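Peer 1: Just dropping this structure here.
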Amino acid sequence: MTTDTRKLVLPAGAVDPVLQEIRRHGLADQETGALLLTGQSDMHVLVVAVAGTAGIVRGPGLFTVSAVAYDRLFSFAEERSYRVRAMIHSHPEEAFLSRTDRAYSLRVPKFVSAVVPTYAAPPADPESWGWWRFEQDWVPCTTPVVDSALPPARTVVFGEEGVREY
């Protein structure tokens, strides 16, 4: 059996903290998100980085991360030989890439972007989210594999103040 090396592999339970944060902020009518970090040479998610508060702006139809907050997370990843591979963010209703998402998401080749719908009651199954990969433009891609044999992912919180345990 061959594995698609472009496909993310999630440990079971890796999205639980993301869903918890999405639900919490969704009930306050705010979008939010997280980033997924893997090792340098594979697509197995090792770290789930949920957005904190410093340098993070949330609101109805709004989720932004400052350049400083991104810098703190990317520095954390580089120092530990991780790669930031994907972003998950929430929408109030449907899973689609808005014009803003398409223009201002991290437009890096092979970077994955996922949208979780109905943020006040987000679906737990990643199959029901929208998934896209950047390949000169955003193109639909397959849902990551969930592998219960993998060790749990580490969960951290990031923002302009740095990266800390969740």
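We name chains A, B, ... following the order of the structure tokens; residues begin at 1 in each chain, and ligands are numbered from 1 as shown.
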Within 9 Å of A:His44, counting only C-alpha atoms, which residues qualify if same-chain residues fewer than 6 places away don't, as a PyMOL selection string?
Peer 2: chain A and resi 7-11+37-38+150
Peer 1: Name the residues of chain A that come out as helix (DSSP H, G or I) in a backbone DSSP run; write them as a PyMOL selection string.
Peer 2: chain A and resi 16-26+67-79+99-104+126-128
Peer 1: Would you mind exporting N, CA, C and O atoms of the selected residues as a compact mmCIF listing (two decimals), in the first residue's frame?
Peer 2:
# COMPACT_ATOMS: atom_id res chain seq x y z
N ASP A 16 -9.34 17.45 18.97
CA ASP A 16 -10.19 17.73 20.13
C ASP A 16 -9.96 19.12 20.72
O ASP A 16 -10.93 19.86 20.96
N PRO A 17 -8.71 19.55 20.98
CA PRO A 17 -8.52 20.90 21.53
C PRO A 17 -8.95 21.98 20.54
O PRO A 17 -9.43 23.04 20.94
N VAL A 18 -8.79 21.72 19.24
CA VAL A 18 -9.20 22.69 18.22
C VAL A 18 -10.72 22.84 18.27
O VAL A 18 -11.25 23.96 18.28
N LEU A 19 -11.42 21.72 18.33
CA LEU A 19 -12.88 21.77 18.38
C LEU A 19 -13.37 22.46 19.65
O LEU A 19 -14.34 23.22 19.62
N GLN A 20 -12.69 22.22 20.75
CA GLN A 20 -13.06 22.87 22.01
C GLN A 20 -12.95 24.40 21.88
O GLN A 20 -13.84 25.13 22.30
N GLU A 21 -11.85 24.86 21.29
CA GLU A 21 -11.64 26.31 21.11
C GLU A 21 -12.64 26.87 20.09
O GLU A 21 -13.17 27.96 20.28
N ILE A 22 -12.88 26.14 19.01
CA ILE A 22 -13.84 26.60 18.00
C ILE A 22 -15.22 26.76 18.63
O ILE A 22 -15.90 27.77 18.44
N ARG A 23 -15.65 25.77 19.40
CA ARG A 23 -16.96 25.83 20.05
C ARG A 23 -17.03 27.01 21.03
O ARG A 23 -17.99 27.78 21.04
N ARG A 24 -15.98 27.16 21.84
CA ARG A 24 -15.95 28.25 22.83
C ARG A 24 -16.07 29.61 22.16
O ARG A 24 -16.88 30.45 22.56
N HIS A 25 -15.28 29.83 21.12
CA HIS A 25 -15.33 31.13 20.43
C HIS A 25 -16.58 31.24 19.55
O HIS A 25 -17.14 32.33 19.40
N GLY A 26 -17.02 30.12 18.98
CA GLY A 26 -18.22 30.13 18.15
C GLY A 26 -19.45 30.54 18.93
O GLY A 26 -20.31 31.26 18.43
N ALA A 67 1.71 39.26 12.25
CA ALA A 67 3.01 38.79 11.77
C ALA A 67 3.90 38.36 12.94
O ALA A 67 4.63 37.37 12.85
N VAL A 68 3.82 39.09 14.06
CA VAL A 68 4.63 38.75 15.24
C VAL A 68 4.20 37.39 15.80
O VAL A 68 5.03 36.55 16.14
N ALA A 69 2.88 37.15 15.89
CA ALA A 69 2.40 35.86 16.40
C ALA A 69 2.84 34.72 15.47
O ALA A 69 3.29 33.67 15.95
N TYR A 70 2.73 34.93 14.16
CA TYR A 70 3.23 33.92 13.22
C TYR A 70 4.73 33.70 13.42
O TYR A 70 5.21 32.56 13.42
N ASP A 71 5.47 34.78 13.59
CA ASP A 71 6.92 34.66 13.78
C ASP A 71 7.24 33.83 15.01
O ASP A 71 8.14 32.98 14.98
N ARG A 72 6.52 34.04 16.10
CA ARG A 72 6.76 33.27 17.32
C ARG A 72 6.52 31.78 17.07
O ARG A 72 7.30 30.93 17.49
N LEU A 73 5.43 31.46 16.35
CA LEU A 73 5.12 30.06 16.08
C LEU A 73 6.13 29.44 15.11
O LEU A 73 6.62 28.34 15.34
N PHE A 74 6.47 30.15 14.03
CA PHE A 74 7.42 29.60 13.06
C PHE A 74 8.81 29.46 13.68
O PHE A 74 9.53 28.51 13.36
N SER A 75 9.21 30.38 14.55
CA SER A 75 10.50 30.24 15.25
C SER A 75 10.49 29.02 16.16
O SER A 75 11.45 28.25 16.20
N PHE A 76 9.40 28.84 16.91
CA PHE A 76 9.22 27.65 17.76
C PHE A 76 9.37 26.39 16.91
O PHE A 76 10.08 25.45 17.28
N ALA A 77 8.71 26.36 15.75
CA ALA A 77 8.77 25.19 14.87
C ALA A 77 10.19 24.96 14.37
O ALA A 77 10.70 23.83 14.42
N GLU A 78 10.83 26.00 13.89
CA GLU A 78 12.19 25.86 13.35
C GLU A 78 13.17 25.37 14.40
O GLU A 78 13.99 24.48 14.14
N GLU A 79 13.09 25.92 15.61
CA GLU A 79 14.00 25.53 16.69
C GLU A 79 13.86 24.06 17.08
O GLU A 79 14.78 23.46 17.63
N ARG A 99 -13.26 34.92 0.02
CA ARG A 99 -12.33 35.74 -0.78
C ARG A 99 -11.15 36.15 0.11
O ARG A 99 -10.00 36.11 -0.31
N THR A 100 -11.43 36.51 1.36
CA THR A 100 -10.37 36.89 2.30
C THR A 100 -9.46 35.71 2.59
O THR A 100 -8.23 35.84 2.60
N ASP A 101 -10.05 34.52 2.83
CA ASP A 101 -9.25 33.32 3.07
C ASP A 101 -8.31 33.05 1.89
O ASP A 101 -7.13 32.75 2.08
N ARG A 102 -8.85 33.14 0.70
CA ARG A 102 -8.06 32.85 -0.51
C ARG A 102 -6.91 33.84 -0.68
O ARG A 102 -5.83 33.48 -1.10
N ALA A 103 -7.16 35.10 -0.34
CA ALA A 103 -6.15 36.13 -0.55
C ALA A 103 -5.12 36.22 0.57
O ALA A 103 -3.95 36.49 0.31
N TYR A 104 -5.55 35.99 1.82
CA TYR A 104 -4.68 36.29 2.95
C TYR A 104 -4.22 35.09 3.76
O TYR A 104 -3.45 35.25 4.70
N PRO A 126 -13.44 15.31 10.77
CA PRO A 126 -12.77 16.14 9.77
C PRO A 126 -13.27 15.92 8.34
O PRO A 126 -13.08 16.79 7.49
N GLU A 127 -13.93 14.79 8.08
CA GLU A 127 -14.51 14.55 6.74
C GLU A 127 -15.57 15.59 6.40
O GLU A 127 -15.84 15.85 5.24
N SER A 128 -16.20 16.18 7.42
CA SER A 128 -17.28 17.14 7.17
C SER A 128 -16.77 18.58 7.10
O SER A 128 -17.55 19.51 6.96
Peer 1: Applying 6 Å and only C-alpha atoms, which residues near stretch 55-60 of chain A remain after dropping the ones on its own chain fewer than 5 positions away? List them as a PDB file with all heavy atoms, in the first residue's frame.
Peer 2:
ATOM      1  N   ASP A  29     -19.797  34.011  18.915  1.00  0.00           N
ATOM      2  CA  ASP A  29     -19.888  34.522  17.540  1.00  0.00           C
ATOM      3  C   ASP A  29     -18.543  35.050  17.035  1.00  0.00           C
ATOM      4  O   ASP A  29     -18.452  36.130  16.462  1.00  0.00           O
ATOM      5  CB  ASP A  29     -20.967  35.604  17.432  1.00  0.00           C
ATOM      6  CG  ASP A  29     -21.383  35.837  15.976  1.00  0.00           C
ATOM      7  OD1 ASP A  29     -21.215  34.922  15.139  1.00  0.00           O
ATOM      8  OD2 ASP A  29     -21.879  36.943  15.671  1.00  0.00           O
ATOM      9  N   GLN A  30     -17.490  34.242  17.265  1.00  0.00           N
ATOM     10  CA  GLN A  30     -16.145  34.595  16.818  1.00  0.00           C
ATOM     11  C   GLN A  30     -15.515  33.420  16.084  1.00  0.00           C
ATOM     12  O   GLN A  30     -15.618  32.279  16.530  1.00  0.00           O
ATOM     13  CB  GLN A  30     -15.241  34.921  18.007  1.00  0.00           C
ATOM     14  CG  GLN A  30     -15.685  36.072  18.844  1.00  0.00           C
ATOM     15  CD  GLN A  30     -14.806  36.227  20.082  1.00  0.00           C
ATOM     16  OE1 GLN A  30     -14.206  35.268  20.566  1.00  0.00           O
ATOM     17  NE2 GLN A  30     -14.730  37.444  20.595  1.00  0.00           N
ATOM     18  N   GLU A  31     -14.826  33.733  14.990  1.00  0.00           N
ATOM     19  CA  GLU A  31     -14.010  32.718  14.326  1.00  0.00           C
ATOM     20  C   GLU A  31     -12.721  32.535  15.115  1.00  0.00           C
ATOM     21  O   GLU A  31     -12.287  33.434  15.834  1.00  0.00           O
ATOM     22  CB  GLU A  31     -13.687  33.141  12.889  1.00  0.00           C
ATOM     23  CG  GLU A  31     -14.899  33.173  11.994  1.00  0.00           C
ATOM     24  CD  GLU A  31     -14.568  33.420  10.532  1.00  0.00           C
ATOM     25  OE1 GLU A  31     -13.382  33.396  10.142  1.00  0.00           O
ATOM     26  OE2 GLU A  31     -15.520  33.626   9.756  1.00  0.00           O
ATOM     27  N   VAL A  65      -4.201  36.633  12.418  1.00  0.00           N
ATOM     28  CA  VAL A  65      -3.005  36.364  13.218  1.00  0.00           C
ATOM     29  C   VAL A  65      -1.960  37.390  12.790  1.00  0.00           C
ATOM     30  O   VAL A  65      -1.680  37.539  11.594  1.00  0.00           O
ATOM     31  CB  VAL A  65      -2.492  34.929  12.960  1.00  0.00           C
ATOM     32  CG1 VAL A  65      -1.211  34.660  13.727  1.00  0.00           C
ATOM     33  CG2 VAL A  65      -3.569  33.904  13.316  1.00  0.00           C
ATOM     34  N   SER A  66      -1.385  38.090  13.745  1.00  0.00           N
ATOM     35  CA  SER A  66      -0.374  39.108  13.421  1.00  0.00           C
ATOM     36  C   SER A  66       0.912  38.458  12.929  1.00  0.00           C
ATOM     37  O   SER A  66       1.191  37.279  13.199  1.00  0.00           O
ATOM     38  CB  SER A  66      -0.078  39.964  14.651  1.00  0.00           C
ATOM     39  OG  SER A  66       0.695  39.223  15.590  1.00  0.00           O
ATOM     40  N   ALA A  69       2.885  37.148  15.889  1.00  0.00           N
ATOM     41  CA  ALA A  69       2.403  35.857  16.401  1.00  0.00           C
ATOM     42  C   ALA A  69       2.844  34.719  15.472  1.00  0.00           C
ATOM     43  O   ALA A  69       3.292  33.668  15.949  1.00  0.00           O
ATOM     44  CB  ALA A  69       0.888  35.874  16.560  1.00  0.00           C
ATOM     45  N   GLY A 159       0.918  33.001  20.272  1.00  0.00           N
ATOM     46  CA  GLY A 159       0.524  34.396  20.087  1.00  0.00           C
ATOM     47  C   GLY A 159       1.768  35.238  20.129  1.00  0.00           C
ATOM     48  O   GLY A 159       2.892  34.709  20.114  1.00  0.00           O
ATOM     49  N   GLU A 160       1.606  36.539  20.188  1.00  0.00           N
ATOM     50  CA  GLU A 160       2.766  37.433  20.191  1.00  0.00           C
ATOM     51  C   GLU A 160       3.651  37.230  21.408  1.00  0.00           C
ATOM     52  O   GLU A 160       4.846  37.539  21.361  1.00  0.00           O
ATOM     53  CB  GLU A 160       2.308  38.894  20.104  1.00  0.00           C
ATOM     54  CG  GLU A 160       1.785  39.253  18.741  1.00  0.00           C
ATOM     55  CD  GLU A 160       1.431  40.717  18.592  1.00  0.00           C
ATOM     56  OE1 GLU A 160       1.486  41.476  19.599  1.00  0.00           O
ATOM     57  OE2 GLU A 160       1.093  41.108  17.458  1.00  0.00           O
TER      58      GLU A 160
END
Peer 1: Which distance in Å separates atom CA of A:Ala121 and atom CA of A:Ala51, to one decimal?
Peer 2: 18.7 Å
Peer 1: Calculated over only C-alpha atoms, which of the candidates A:Ala149, A:Ala114, A:Ala14, A:Cys141 has the smallest distance to A:Val47?
Peer 2: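 Checking each candidate against A:Val47, we get A:Ala14 as the closest.
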Peer 1: If I take atom CA of A:Ala86 and atom CA of A:Gln136, how far is one from the other in Å, to one decimal?
Peer 2: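 A separation of 15.9 Å between them.
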Peer 1: Could you check how far atom CA of A:Tyr82 sits from atom CA of A:Gln40, in Å to one decimal?
Peer 2: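 Distance reported for this atom pair: 5.5 Å.
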Peer 1: Rank A:Ile88, A:Thr32, A:Lys110, A:Asp147 by their smallest atom-to-atom distance to A:Trp129, using only C-alpha atoms, and report the top residue only.
Peer 2: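 Closest candidate: A:Ile88.
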Peer 1: With only C-alpha atoms as the atoms that count, which of A:Val50, A:Val145, A:Met43, A:Leu106 lies nearest to A:Arg164?
Peer 2: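 Of A:Val50, A:Val145, A:Met43, A:Leu106, the one nearest A:Arg164, counting only C-alpha atoms, is A:Val50.
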Peer 1: Would you mind telling me which residue in A:Ala34, A:Val112, A:Met87, A:Val139 lies nearest to A:Phe158 when using only C-alpha atoms?
Peer 2: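 That would be A:Ala34, the residue with the smallest distance to A:Phe158.
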Peer 1: Need to verify the contact set: A:Gly39, 6 Å, only C-alpha atoms, exclusion of same-chain residues closer than 2 positions in sequence. Can you return it as an MDAnalysis selection string?
Peer 2: chainID A and resid 41:42 82:83
Peer 1: Any chance you could list, as a list in words, the residues in stretch 74-156 of chain A that come up strand (DSSP E) when DSSP is run on the backbone?
Peer 2: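 Listing strand (DSSP E) positions across stretch 74-156 of chain A yields Tyr82, Arg83, Val84, Arg85, Ala86, Met87, Ile88, His89, Ser90, Val112, Ser113, Ala114, Val115, Val116, Gly130, Trp131, Trp132, Arg133, Phe134, Trp138, Val139, Pro140, Val145, Val146, Asp147, Arg154, Thr155 and Val156 of chain A.
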Peer 1: Might you pull out every residue within 7 Å of stretch 92-94 of chain A, with only C-alpha atoms counted and same-chain residues fewer than 4 positions away left off, and present them as a PyMOL selection string?
Peer 2: chain A and resi 117-119
Peer 1: Save the residues we just selected, all heavy atoms, as a compact mmCIF listing (two decimals), in the first residue's frame?
Peer 2:
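Below you can see part.txt, which holds the result:
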# COMPACT_ATOMS: atom_id res chain seq x y z
N PRO A 117 -17.11 24.14 9.68
CA PRO A 117 -18.38 24.87 9.62
C PRO A 117 -19.09 24.90 10.97
O PRO A 117 -18.67 24.24 11.92
CB PRO A 117 -19.18 24.05 8.61
CG PRO A 117 -18.70 22.64 8.82
CD PRO A 117 -17.22 22.78 9.14
N THR A 118 -20.16 25.65 11.03
CA THR A 118 -21.07 25.77 12.18
C THR A 118 -20.30 25.87 13.50
O THR A 118 -20.40 25.00 14.35
CB THR A 118 -22.10 24.62 12.22
OG1 THR A 118 -21.41 23.36 12.26
CG2 THR A 118 -23.02 24.65 11.02
N TYR A 119 -19.57 26.97 13.64
CA TYR A 119 -18.64 27.08 14.76
C TYR A 119 -19.25 27.01 16.16
O TYR A 119 -18.55 26.70 17.11
CB TYR A 119 -17.72 28.26 14.63
CG TYR A 119 -18.26 29.66 14.53
CD1 TYR A 119 -19.45 30.07 15.12
CD2 TYR A 119 -17.52 30.61 13.85
CE1 TYR A 119 -19.89 31.38 15.02
CE2 TYR A 119 -17.94 31.93 13.75
CZ TYR A 119 -19.13 32.31 14.34
OH TYR A 119 -19.55 33.60 14.25
Peer 1: Given only C-alpha atoms as the basis, pick out the residue of A:Gly52, A:Phe63, A:Pro144, A:Ala124 nearest to A:Leu36.
Peer 2: A:Pro144
Peer 1: Per residue of stretch 31-117 of chain A within 8 Å of stretch 151-154 of chain A, record the nearest atom pair and its distance in Å to one decimal, counting only C-alpha atoms, with rows in chain order and ascending residue number, as JSON lines.
Peer 2:
{"residue": "A:Val45", "atom": "CA", "partner": "A:Ala153", "partner_atom": "CA", "distance": 6.6}
{"residue": "A:Leu46", "atom": "CA", "partner": "A:Ala153", "partner_atom": "CA", "distance": 4.7}
{"residue": "A:Val47", "atom": "CA", "partner": "A:Arg154", "partner_atom": "CA", "distance": 4.6}
{"residue": "A:Val48", "atom": "CA", "partner": "A:Arg154", "partner_atom": "CA", "distance": 6.2}
